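Asker: What follows is a single structure, and I will ask about it in a moment.
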Amino acid sequence: MMDGLQEEETEGSWMLLSWLASCLMVFGGSLPYVPQYQEIQRSSNTEGFSTRVCLVLLIANILRIFFWIGKQFELTLLLQSVVMILTMFAMLHLCSTVHNTNRVSTKQHRLTDLDLRYFWKWSAFEDYLLFCFGFSVLCAVVTMLLLDSAMFVEMLGSLAVMFEAMLGLPQLLQNFHNRSTKGMSVKMVLLWTAGDVFKTTYFVMNESPSQFWVCGSIQILVDVAILLQVLFYSQDTRTKLG
């Protein structure tokens, strides 16, 4: 009788932990952007944040949703993609608003201009929505045509995680170009690192498709590189001031 009660309590505890881990997976990926969102609001400046991070994550998560259609893995990861897409739209909306407020020139750059020089540097938030809608329709059509191909489905998953693995790369390059990490939230990168370690462990423990844990491992390396930039550029700044 006692053994049965203990087994039920243990099972209940594991279910609770599993539920908490799933919730953390769904919403945890979006949490790092809260301090960056607040930093942009406070400073009314987007120079330190690369909006191409949003581009990478939007493409990666749209592809992941179509990967899920072809290969139903954990529902948790599907929900995570939906939450991340909404978060990236929130970041882009804020960045577009700040850009338009600070803009000196009256000339606007729109998606319909088809000018590659200003790709992902559009003046209107609606253009970002339109691009994502068009990309989603394209993915939907191709997926419908090739859904029965196991090779295509696996390729879709590989593309999704390849893009996600590049998450920190635009920020890394932006910091290198600016020779500074000013305006970038260090809290965001620390939360990226913690989240990437957690989710990579989650992928391994839940035997998720191999693409996911490979992606997580690459992301951790890029996170560490950005943190090293923070140390390097802060020391460089102190040297110049000294």
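To be explicit about the labels: the chains of the structure tokens are called A, B, and onward in the order shown, and within each one the residues are counted from 1, while ligands get numbers from 1 in the order they are shown.
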Can you pull out every residue from segment 45-235 of chain A that DSSP, working from the backbone, puts in alpha helix (DSSP H), and format the result as a count of residues only?
Answerer: 141
Asker: So that I can check the surroundings of segment 212-221 of chain A, please list as a tab-separated table (two decimals) with C-alpha atoms, in the first residue's frame every protein, DNA and RNA residue that reaches within 6 Å of it, counting only C-alpha atoms and ignoring chain neighbours fewer than 4 positions away.
Answerer:
```tsv
chain	number	residue	atom	x	y	z
A	161	VAL	CA	17.87	24.08	-37.41
A	165	ALA	CA	21.97	27.71	-35.32
A	193	THR	CA	23.36	30.96	-23.34
A	196	ASP	CA	20.60	27.10	-25.30
A	200	THR	CA	20.19	21.21	-25.87
A	203	PHE	CA	16.71	17.64	-26.84
```
Asker: Smallest atom-to-atom distance to Phe119 of chain A: which of A:Ile65, A:Val222, A:Leu55, A:Val204, using only C-alpha atoms?
Answerer: A:Leu55
Asker: Measuring between only C-alpha atoms, which one of A:Ser30, A:Ser210, A:Ser44, A:Thr201 shows the shortest distance to Glu154 of chain A?
Answerer: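 Distance minimum relative to Glu154 of chain A lands on A:Ser210.
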Asker: Pick from A:Ser185, A:Leu190, A:Ser81, A:Leu116: nearest to Arg42 of chain A, with only C-alpha atoms counted?
Answerer: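 Ranked by minimum distance to Arg42 of chain A, first place goes to A:Ser185.
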